[in-house]
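Shown here: protein_9.txt, compact mmCIF, C-alpha atoms.
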```txt
# COMPACT_ATOMS: atom_id res chain seq x y z
CA MET A 27 -1.28 5.86 -7.88
CA ASP A 28 -4.82 7.07 -8.33
CA PHE A 29 -5.92 10.00 -6.17
CA GLN A 30 -9.10 8.13 -5.29
CA GLN A 31 -6.98 5.74 -3.26
CA LEU A 32 -5.54 8.70 -1.35
CA PHE A 33 -8.75 10.62 -1.00
CA PRO A 34 -10.36 10.14 2.40
CA ILE A 35 -13.82 8.56 2.65
CA TRP A 36 -14.13 8.44 -1.17
CA ASN A 37 -16.83 5.76 -0.97
CA GLN A 38 -18.96 7.85 1.37
CA LEU A 39 -19.29 10.68 -1.14
CA THR A 40 -22.17 11.00 -3.58
CA LEU A 41 -21.58 10.36 -7.27
CA SER A 42 -21.86 14.07 -8.09
CA GLN A 43 -19.37 14.94 -5.34
CA GLN A 44 -16.97 12.31 -6.71
CA GLU A 45 -17.35 13.72 -10.22
CA LEU A 46 -16.72 17.28 -9.02
CA ILE A 47 -13.57 16.20 -7.19
CA SER A 48 -12.32 14.16 -10.16
CA ALA A 49 -12.76 17.18 -12.44
CA SER A 50 -10.96 19.54 -10.02
CA VAL A 51 -8.00 17.62 -8.58
CA ILE A 52 -4.64 18.59 -10.01
CA SER A 53 -1.38 16.71 -9.80
CA ARG A 54 1.84 18.53 -9.00
CA THR A 55 5.51 17.90 -8.31
CA LEU A 56 7.05 19.93 -5.50
CA GLY A 57 10.81 20.34 -5.79
CA LYS A 58 12.92 19.83 -2.68
CA GLY A 59 12.71 23.07 -0.66
CA ALA A 60 9.53 24.34 -2.38
CA VAL A 61 7.22 26.27 -0.08
CA LEU A 62 3.67 24.92 -0.34
CA HIS A 63 2.08 27.19 2.25
CA ASN A 64 3.39 30.45 3.64
CA GLY A 65 1.16 31.53 6.52
CA SER A 66 -2.27 32.97 5.91
CA MET A 67 -1.29 34.45 2.55
CA ASP A 68 -1.52 31.07 0.88
CA CYS A 69 -4.33 28.61 0.36
CA ALA A 70 -3.36 25.93 -2.15
CA GLY A 71 -6.05 23.51 -1.04
CA LEU A 72 -6.25 20.03 0.45
CA VAL A 73 -2.99 18.30 -0.43
CA MET A 74 -2.71 14.51 -0.69
CA ILE A 75 0.85 13.22 -0.67
CA GLN A 76 1.53 10.47 -3.17
CA SER A 77 5.22 10.30 -2.31
CA GLY A 78 7.75 12.57 -0.67
CA GLN A 79 8.04 14.45 2.61
CA LEU A 80 6.61 17.77 3.79
CA ARG A 81 7.50 19.69 6.91
CA ALA A 82 5.12 21.96 8.85
CA TYR A 83 6.83 24.57 11.00
CA ILE A 84 6.44 28.02 12.52
CA LEU A 85 8.73 30.99 12.12
CA SER A 86 9.47 33.73 14.64
CA GLU A 87 9.79 37.40 13.67
CA ASP A 88 13.57 37.10 13.86
CA GLY A 89 13.70 34.03 11.64
CA ARG A 90 13.87 31.19 14.17
CA GLU A 91 12.00 27.99 13.33
CA ILE A 92 10.50 24.99 15.05
CA THR A 93 9.19 21.86 13.34
CA LEU A 94 5.56 21.04 14.24
CA TYR A 95 5.26 17.76 12.36
CA ARG A 96 6.14 15.93 9.14
CA LEU A 97 3.84 14.57 6.43
CA LEU A 98 4.81 11.45 4.54
CA ASP A 99 3.44 9.18 1.79
CA ARG A 100 -0.38 8.93 1.87
CA ASP A 101 -0.70 11.73 4.45
CA ILE A 102 -3.16 14.57 3.90
CA CYS A 103 -2.13 18.17 4.47
CA LEU A 104 -5.07 20.11 5.89
CA PHE A 105 -3.55 23.47 6.77
CA SER A 106 -2.61 24.17 3.16
CA ALA A 107 -6.41 24.66 2.92
CA SER A 108 -6.59 26.78 6.09
CA CYS A 109 -8.64 29.51 4.37
CA VAL A 110 -11.52 27.03 4.30
CA MET A 111 -11.84 27.20 8.10
CA ARG A 112 -12.11 30.78 9.29
CA SER A 113 -11.16 29.88 12.89
CA VAL A 114 -7.67 28.79 11.83
CA GLN A 115 -5.93 31.99 12.88
CA PHE A 116 -2.29 31.05 13.05
CA GLU A 117 0.55 31.28 10.62
CA ILE A 118 2.02 27.96 9.62
CA MET A 119 4.67 27.22 7.01
CA ILE A 120 4.69 24.04 4.95
CA SER A 121 7.55 23.11 2.64
CA ALA A 122 8.83 20.06 0.80
CA GLU A 123 11.79 18.44 2.56
CA LYS A 124 12.14 15.98 -0.31
CA GLU A 125 10.85 16.13 -3.87
CA SER A 126 7.17 15.26 -3.51
CA GLU A 127 4.38 14.12 -5.82
CA VAL A 128 1.05 15.48 -4.63
CA PHE A 129 -2.60 15.77 -5.62
CA ILE A 130 -4.29 19.06 -4.78
CA LEU A 131 -8.02 19.65 -4.31
CA PRO A 132 -8.67 23.42 -4.72
CA PRO A 133 -9.96 25.09 -1.53
CA HIS A 134 -13.32 26.28 -2.91
CA ILE A 135 -14.22 22.74 -4.03
CA PHE A 136 -13.10 21.29 -0.69
CA LYS A 137 -15.19 23.92 1.14
CA LYS A 138 -18.27 23.35 -1.01
CA ILE A 139 -18.29 19.60 -0.48
CA MET A 140 -17.41 19.79 3.21
CA GLU A 141 -20.37 22.10 3.84
CA GLU A 142 -22.81 19.53 2.50
CA SER A 143 -21.08 16.25 3.37
CA ALA A 144 -21.12 15.08 6.99
CA PRO A 145 -18.59 12.29 6.19
CA LEU A 146 -16.06 14.77 4.74
CA ALA A 147 -16.60 17.24 7.60
CA ASN A 148 -16.14 14.44 10.14
CA TYR A 149 -13.03 13.21 8.35
CA THR A 150 -11.64 16.77 8.44
CA ASN A 151 -12.29 16.78 12.18
CA GLU A 152 -10.26 13.63 12.64
CA LEU A 153 -7.48 15.08 10.49
CA MET A 154 -7.32 18.23 12.57
CA ALA A 155 -7.40 16.20 15.77
CA THR A 156 -4.40 14.19 14.49
CA ARG A 157 -2.40 17.39 13.92
CA PHE A 158 -3.61 18.74 17.26
CA THR A 159 -2.26 15.60 18.93
CA GLU A 160 1.12 16.11 17.26
CA VAL A 161 1.28 19.73 18.40
CA MET A 162 0.30 18.77 21.98
CA TRP A 163 3.09 16.20 21.95
CA LEU A 164 5.46 18.98 20.89
CA ILE A 165 4.33 21.24 23.75
CA GLU A 166 4.98 18.44 26.21
CA GLN A 167 8.44 17.91 24.70
CA ILE A 168 9.27 21.61 24.91
CA MET A 169 7.88 22.06 28.41
CA TRP A 170 8.96 18.94 30.22
CA LYS A 171 11.90 17.49 28.26
CA SER A 172 15.48 18.70 28.30
CA VAL A 173 17.33 19.50 25.06
CA ASP A 174 19.56 16.38 25.23
CA LYS A 175 16.54 14.06 25.21
CA ARG A 176 14.83 16.03 22.43
CA LEU A 177 18.03 15.99 20.34
CA ALA A 178 18.45 12.23 20.79
CA GLY A 179 14.80 11.70 19.83
CA PHE A 180 15.13 13.94 16.78
CA LEU A 181 18.28 12.18 15.48
CA LEU A 182 16.62 8.77 15.85
CA GLU A 183 13.53 10.02 14.01
CA GLU A 184 15.66 11.44 11.19
CA SER A 185 17.54 8.18 10.96
CA ALA A 186 14.26 6.29 10.61
CA LEU A 187 13.02 8.72 7.92
CA GLU A 188 16.25 8.50 5.95
CA GLY A 189 16.87 4.80 6.53
CA SER A 190 20.48 5.57 7.40
CA ASP A 191 22.77 6.13 10.38
CA ILE A 192 24.62 8.89 8.56
CA LEU A 193 22.55 12.07 8.56
CA LYS A 194 23.30 15.06 6.35
CA LEU A 195 22.36 17.77 8.83
CA THR A 196 24.09 20.99 9.80
CA HIS A 197 23.85 22.20 13.40
CA GLU A 198 21.80 25.14 12.06
CA MET A 199 19.25 22.76 10.49
CA ILE A 200 18.89 20.79 13.74
CA ALA A 201 18.45 24.03 15.72
CA ASN A 202 15.66 25.07 13.32
CA HIS A 203 13.86 21.79 13.82
CA LEU A 204 14.03 21.95 17.60
CA GLY A 205 13.56 25.69 18.01
CA THR A 206 16.81 26.24 19.91
CA ALA A 207 20.00 28.21 19.24
CA ARG A 208 22.71 26.70 17.01
CA GLU A 209 25.27 27.07 19.83
CA VAL A 210 23.13 24.89 22.12
CA ILE A 211 23.01 22.14 19.48
CA THR A 212 26.77 22.35 18.79
CA ARG A 213 27.54 22.01 22.48
CA MET A 214 25.17 19.08 22.93
CA LEU A 215 26.43 17.24 19.82
CA ARG A 216 30.01 17.57 21.08
CA TYR A 217 28.88 16.11 24.39
CA PHE A 218 27.15 13.25 22.51
CA GLN A 219 30.43 12.63 20.62
CA THR A 220 32.44 12.57 23.86
CA GLU A 221 29.99 10.01 25.23
CA GLY A 222 30.35 7.92 22.08
CA TYR A 223 26.74 8.30 20.89
CA VAL A 224 27.59 10.02 17.59
CA LYS A 225 30.50 10.80 15.30
CA LEU A 226 30.61 14.31 13.81
CA THR A 227 32.10 15.37 10.51
CA ARG A 228 31.48 18.56 8.56
CA GLY A 229 27.77 18.62 7.64
CA THR A 230 26.99 15.11 8.92
CA VAL A 231 26.05 13.41 12.16
CA GLU A 232 26.60 9.65 12.35
CA ILE A 233 24.75 7.61 14.95
CA VAL A 234 27.22 5.11 16.40
CA ASP A 235 25.50 3.98 19.62
CA ARG A 236 21.82 3.66 18.88
CA SER A 237 20.82 1.85 22.07
CA GLN A 238 22.37 4.50 24.32
CA MET A 239 20.56 7.20 22.38
CA GLU A 240 17.27 5.33 22.58
CA ALA A 241 17.70 5.01 26.33
CA LEU A 242 18.34 8.75 26.59
CA ALA A 243 15.39 9.71 24.37
CA GLU A 244 12.93 7.49 26.20
CA ASP A 245 14.14 8.38 29.67
CA MET B 15 -30.73 31.15 29.90
CA ASP B 16 -32.01 28.51 27.54
CA PHE B 17 -29.48 26.00 26.25
CA GLN B 18 -30.82 26.52 22.71
CA GLN B 19 -29.28 30.00 22.80
CA LEU B 20 -25.93 28.46 23.69
CA PHE B 21 -26.12 25.51 21.36
CA PRO B 22 -24.22 26.09 18.15
CA ILE B 23 -26.08 26.10 14.83
CA TRP B 24 -29.37 25.15 16.55
CA ASN B 25 -31.40 26.43 13.61
CA GLN B 26 -29.49 24.28 11.14
CA LEU B 27 -30.48 21.05 12.86
CA THR B 28 -33.52 19.00 11.87
CA LEU B 29 -36.54 18.92 14.15
CA SER B 30 -35.79 15.36 15.24
CA GLN B 31 -32.17 16.29 16.03
CA GLN B 32 -33.41 19.24 18.09
CA GLU B 33 -35.83 17.00 19.96
CA LEU B 34 -33.14 14.43 20.69
CA ILE B 35 -30.83 17.13 22.05
CA SER B 36 -33.58 18.73 24.14
CA ALA B 37 -34.37 15.36 25.70
CA SER B 38 -30.69 14.61 26.47
CA VAL B 39 -29.12 17.86 27.66
CA ILE B 40 -28.53 18.05 31.38
CA SER B 41 -27.82 21.11 33.48
CA ARG B 42 -25.11 21.04 36.12
CA THR B 43 -23.33 23.30 38.59
CA LEU B 44 -19.58 22.82 38.87
CA GLY B 45 -18.13 23.96 42.18
CA LYS B 46 -14.95 26.01 42.15
CA GLY B 47 -12.06 23.59 41.70
CA ALA B 48 -14.21 20.75 40.31
CA VAL B 49 -12.46 18.62 37.69
CA LEU B 50 -14.67 18.29 34.60
CA HIS B 51 -12.24 16.26 32.49
CA ASN B 52 -9.23 14.29 33.61
CA GLY B 53 -7.33 13.09 30.54
CA SER B 54 -8.60 10.25 28.40
CA MET B 55 -10.33 8.57 31.35
CA ASP B 56 -13.20 11.04 31.22
CA CYS B 57 -15.79 11.91 28.59
CA ALA B 58 -18.56 14.04 30.07
CA GLY B 59 -19.74 15.33 26.69
CA LEU B 60 -20.04 18.66 24.92
CA VAL B 61 -20.17 21.32 27.63
CA MET B 62 -21.85 24.69 27.08
CA ILE B 63 -20.94 27.29 29.66
CA GLN B 64 -23.83 29.41 30.85
CA SER B 65 -21.71 31.28 33.37
CA GLY B 66 -18.41 30.72 35.12
CA GLN B 67 -14.83 29.99 34.08
CA LEU B 68 -13.09 26.77 33.10
CA ARG B 69 -9.37 26.19 32.65
CA ALA B 70 -7.81 23.69 30.24
CA TYR B 71 -4.28 22.62 31.13
CA ILE B 72 -1.78 19.81 30.84
CA LEU B 73 0.05 18.06 33.62
CA SER B 74 3.55 16.58 33.58
CA GLU B 75 4.40 13.26 35.22
CA ASP B 76 5.97 15.12 38.14
CA GLY B 77 2.92 17.34 38.66
CA ARG B 78 3.88 20.51 36.81
CA GLU B 79 1.11 22.33 34.94
CA ILE B 80 0.68 24.77 32.09
CA THR B 81 -2.54 26.54 31.16
CA LEU B 82 -3.61 25.98 27.55
CA TYR B 83 -6.63 28.28 27.48
CA ARG B 84 -9.67 29.48 29.47
CA LEU B 85 -13.37 29.06 28.67
CA LEU B 86 -15.83 31.76 29.72
CA ASP B 87 -19.56 32.52 29.48
CA ARG B 88 -21.13 31.16 26.27
CA ASP B 89 -18.00 29.19 25.33
CA ILE B 90 -18.24 25.55 24.30
CA CYS B 91 -15.87 22.96 25.70
CA LEU B 92 -15.09 20.38 23.02
CA PHE B 93 -12.37 18.28 24.62
CA SER B 94 -14.65 17.18 27.46
CA ALA B 95 -16.18 15.13 24.60
CA SER B 96 -12.80 13.96 23.31
CA CYS B 97 -13.88 10.29 23.21
CA VAL B 98 -16.13 11.26 20.27
CA MET B 99 -13.07 11.89 18.06
CA ARG B 100 -10.74 8.93 18.07
CA SER B 101 -7.79 10.98 16.74
CA VAL B 102 -7.69 13.13 19.87
CA GLN B 103 -4.82 11.29 21.51
CA PHE B 104 -3.60 13.66 24.16
CA GLU B 105 -4.33 14.04 27.83
CA ILE B 106 -5.93 17.33 28.75
CA MET B 107 -7.29 18.45 32.11
CA ILE B 108 -10.30 20.76 32.44
CA SER B 109 -11.42 22.20 35.76
CA ALA B 110 -13.68 24.97 37.03
CA GLU B 111 -11.72 28.04 38.14
CA LYS B 112 -14.93 29.65 39.34
CA GLU B 113 -18.30 28.12 40.20
CA SER B 114 -19.85 27.43 36.79
CA GLU B 115 -23.32 26.74 35.46
CA VAL B 116 -23.14 24.43 32.44
CA PHE B 117 -25.29 22.44 30.06
CA ILE B 118 -23.93 19.06 29.03
CA LEU B 119 -24.79 17.10 25.90
CA PRO B 120 -23.83 13.44 26.49
CA PRO B 121 -21.07 12.20 24.16
CA HIS B 122 -23.06 9.43 22.43
CA ILE B 123 -25.80 11.91 21.43
CA PHE B 124 -23.23 14.44 20.24
CA LYS B 125 -21.50 11.71 18.20
CA LYS B 126 -24.72 10.40 16.70
CA ILE B 127 -25.86 13.82 15.48
CA MET B 128 -22.41 14.91 14.31
CA GLU B 129 -22.12 11.79 12.14
CA GLU B 130 -25.28 12.70 10.21
CA SER B 131 -25.22 16.51 10.38
CA ALA B 132 -22.77 18.41 8.15
CA PRO B 133 -23.56 21.70 9.97
CA LEU B 134 -22.69 20.23 13.39
CA ALA B 135 -19.54 18.53 12.05
CA ASN B 136 -18.44 21.79 10.41
CA TYR B 137 -19.16 23.73 13.58
CA THR B 138 -17.07 21.20 15.53
CA ASN B 139 -14.27 21.81 13.03
CA GLU B 140 -14.38 25.54 13.69
CA LEU B 141 -14.41 24.92 17.43
CA MET B 142 -11.35 22.70 17.21
CA ALA B 143 -9.62 25.24 14.97
CA THR B 144 -10.27 27.92 17.62
CA ARG B 145 -8.61 25.81 20.32
CA PHE B 146 -5.80 24.93 17.89
CA THR B 147 -5.21 28.65 17.36
CA GLU B 148 -4.98 29.21 21.12
CA VAL B 149 -2.50 26.38 21.53
CA MET B 150 -0.38 27.66 18.61
CA TRP B 151 -0.34 31.07 20.28
CA LEU B 152 0.91 29.35 23.44
CA ILE B 153 3.73 27.59 21.56
CA GLU B 154 4.84 30.92 20.13
CA GLN B 155 4.78 32.43 23.62
CA ILE B 156 6.81 29.58 25.08
CA MET B 157 9.29 29.47 22.23
CA TRP B 158 9.91 33.09 21.41
CA LYS B 159 8.91 35.09 24.49
CA SER B 160 10.89 35.51 27.69
CA VAL B 161 9.31 34.83 31.10
CA ASP B 162 9.07 38.52 32.05
CA LYS B 163 6.86 39.30 29.03
CA ARG B 164 4.72 36.20 29.58
CA LEU B 165 4.30 37.06 33.27
CA ALA B 166 3.28 40.65 32.46
CA GLY B 167 0.79 39.39 29.86
CA PHE B 168 -0.63 36.81 32.28
CA LEU B 169 -1.14 39.35 35.11
CA LEU B 170 -2.92 41.74 32.73
CA GLU B 171 -5.17 38.92 31.49
CA GLU B 172 -6.01 37.89 35.06
CA SER B 173 -6.79 41.50 35.91
CA ALA B 174 -9.19 41.69 32.95
CA LEU B 175 -10.88 38.40 33.95
CA GLU B 176 -11.28 39.47 37.59
CA GLY B 177 -12.09 43.11 36.87
CA SER B 178 -9.60 44.14 39.54
CA ASP B 179 -6.01 45.32 39.98
CA ILE B 180 -5.61 43.24 43.11
CA LEU B 181 -5.13 39.59 42.21
CA LYS B 182 -5.39 36.74 44.69
CA LEU B 183 -2.63 34.56 43.28
CA THR B 184 0.18 32.67 44.95
CA HIS B 185 3.54 32.36 43.18
CA GLU B 186 2.83 28.64 42.92
CA MET B 187 -0.46 29.28 41.08
CA ILE B 188 1.22 31.63 38.61
CA ALA B 189 4.00 29.10 38.00
CA ASN B 190 1.35 26.45 37.24
CA HIS B 191 -0.32 28.70 34.70
CA LEU B 192 2.91 29.53 32.91
CA GLY B 193 4.61 26.15 33.21
CA THR B 194 7.69 27.47 35.01
CA ALA B 195 9.23 26.92 38.43
CA ARG B 196 7.89 28.83 41.44
CA GLU B 197 11.37 30.23 42.13
CA VAL B 198 11.48 31.81 38.67
CA ILE B 199 8.14 33.55 39.29
CA THR B 200 9.18 34.75 42.77
CA ARG B 201 12.38 36.25 41.37
CA MET B 202 10.57 37.96 38.50
CA LEU B 203 7.78 39.34 40.70
CA ARG B 204 10.39 40.84 43.05
CA TYR B 205 12.03 42.46 40.03
CA PHE B 206 8.61 43.79 38.92
CA GLN B 207 8.13 45.23 42.42
CA THR B 208 11.56 46.91 42.34
CA GLU B 209 10.64 48.47 39.00
CA GLY B 210 7.34 49.70 40.45
CA TYR B 211 5.08 47.57 38.22
CA VAL B 212 3.44 45.63 41.06
CA LYS B 213 3.07 45.61 44.83
CA LEU B 214 3.34 42.24 46.56
CA THR B 215 1.67 41.14 49.76
CA ARG B 216 1.11 37.62 51.06
CA GLY B 217 -1.08 35.81 48.55
CA THR B 218 -1.78 38.85 46.37
CA VAL B 219 -0.21 40.73 43.49
CA GLU B 220 -1.40 44.29 42.91
CA ILE B 221 -0.87 45.93 39.54
CA VAL B 222 0.30 49.50 40.18
CA ASP B 223 1.78 50.54 36.83
CA ARG B 224 -0.46 49.11 34.14
CA SER B 225 0.99 51.06 31.19
CA GLN B 226 4.55 49.91 31.92
CA MET B 227 3.34 46.32 32.14
CA GLU B 228 1.42 46.64 28.89
CA ALA B 229 4.52 47.99 27.20
CA LEU B 230 6.54 45.04 28.49
CA ALA B 231 3.92 42.45 27.49
CA GLU B 232 3.50 43.81 23.97
CA ASP B 233 7.20 44.34 23.37
```

Write the structure described by the file as structure tokens, please.
Amino acid sequence: MDFQQLFPIWNQLTLSQQELISASVISRTLGKGAVLHNGSMDCAGLVMIQSGQLRAYILSEDGREITLYRLLDRDICLFSASCVMRSVQFEIMISAEKESEVFILPPHIFKKIMEESAPLANYTNELMATRFTEVMWLIEQIMWKSVDKRLAGFLLEESALEGSDILKLTHEMIANHLGTAREVITRMLRYFQTEGYVKLTRGTVEIVDRSQMEALAED
Amino acid sequence: MDFQQLFPIWNQLTLSQQELISASVISRTLGKGAVLHNGSMDCAGLVMIQSGQLRAYILSEDGREITLYRLLDRDICLFSASCVMRSVQFEIMISAEKESEVFILPPHIFKKIMEESAPLANYTNELMATRFTEVMWLIEQIMWKSVDKRLAGFLLEESALEGSDILKLTHEMIANHLGTAREVITRMLRYFQTEGYVKLTRGTVEIVDRSQMEALAED
């Protein structure tokens, strides 16, 4: 795939802007587990995902995590270029959940073009608004939804991402996605098993009653 | 105060953009309690606060609230123009906590100028990033901080906003700010009173040991 196909509003850029981007974009493979962005220390640039899966999350001082959102094929990762916007004053982590092929536009080039191009600045606005929407959805989940509904929703989402009913997930990993304690997840998964929603084996969760889980998640 | 002093990047706009804005901006007084923006139904425009205090919050289906952030003198309210950015797909409420004097730029004028002006689009980016930072701070509070620390922090913030140690706040109002149940707040305030942090009377909370509360909030 050509990066031009991934690059937002390519046709609304001037020829010299297109040439500058073409000369600056680099292609990279991120191994599974690679950390692309580690809080405000890092600023790789604008990352366009050709294939793979990235996860954006936050980390507490004592090492707890919560997933903010995922980025998939053809998504653009804005906060890996957070140094470009001085008002982005939060620490976000971004890592590869699967091996990923990406194109990276270095931050100083992104900044230079955004400052002069209304289309690119407006596109960046829409991109940030998309992430904002995902984070607002998360707040609503955390505030108004109980853990059982969030767990059911998460397992269904994982199943859709993996294309499988058998999910390779430890209770620790699930707790890190949802920002809860491992014990809470273990207790809830056992309850789900008793109710016949899932079957648990070491390191895997198998969805066995999808419709019941959908009803719970959407409740 | 002139709205030009409040309007972001005024000097980076063209003369015709400045003239269009000058001809379109309206001045308005929002009474205490007035709702400026009620989810995606509303789109008043870009609101510049001359004086007063606005509150942005979300509302659950069963009427619970949580405060996202406050806007004070000279702040700009972006999400009252949320219809301008199609990727803003969440329902936010904005109301006046105090009587407020505001200037409003209608959404279609804001949109028209932002589409052609890189400075305005970049400024809008920074504005959204500022709100994003506040919401990320809130998630961290909700996820990693216990209610006692959040309550102490909230009372200190209110005290700073009001310039007083005596706060006119019902337990219900505090619960709506913090997104918890009224009973939880009542229990915690009674504990604070036992510890000598606050003194409670009907409808007011008085801060009596500020340094202890600061220590708790920052812990």

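Proximity of A:Lys124, A:Arg96, A:Lys175, A:Arg90 to chain B, computed with all atoms listed in the file, is greatest for A:Arg90.
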
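Minimum distance to Glu127 of chain A across A:Met199, A:Ile52, A:Met214, A:Met140 (counting all atoms listed in the file) occurs at A:Ile52.
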
Test item: chain B residues at most 9 Å from chain A, counting all atoms listed in the file, as a PyMOL selection string = chain B and resi 72-75+78+80+99-105+128-136+138-154+156-158+193-194

Across B:Gly77, B:Gly177, B:Gly217, B:Pro121, the smallest distance to Phe93 of chain B, with all atoms listed in the file counted, is shown by B:Pro121

Just give me the residues with any atom within 12 Å of (3.6, 20.0, -14.2), file coordinates, counting all atoms listed in the file, written as a list in words.
-> Ile52, Ser53, Arg54, Thr55, Leu56, Gly57, Glu127, Val128 and Phe129 of chain A

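Our summary of the geometry notes that atom CA of Asp68 of chain A is positioned 28.5 Å from atom CA of Leu195 of chain A.
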
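Between atom CA of Lys182 of chain B and atom CA of Leu203 of chain B the separation is 14.0 Å.
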
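With atom CA of Asp179 of chain B on one side and atom CA of Leu230 of chain B on the other, the separation reads 17.0 Å.
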
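Among the candidates A:Thr220, A:Ser237, A:Ser126, A:Asn64, the residue lying nearest to Ser106 of chain A is A:Asn64 (atoms considered: all atoms listed in the file).
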
Across A:Val173, A:Ile233, A:Leu97, A:Leu39, the smallest distance to Ser185 of chain A, with all atoms listed in the file counted, is shown by A:Ile233

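Minimum atom-to-atom distance to Gln44 of chain A, evaluated using only C-alpha atoms, belongs to A:Ile135 out of A:Ile135, A:Ala107, A:Ala82, A:Leu62.
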
Would you be able to write out as an MDAnalysis selection string which residues have an atom within 9 Å of (-11.3, 23.7, -6.5) in the file's coordinates, counting all atoms listed in the file?
-> chainID A and resid 46:47 49:51 71 130:138
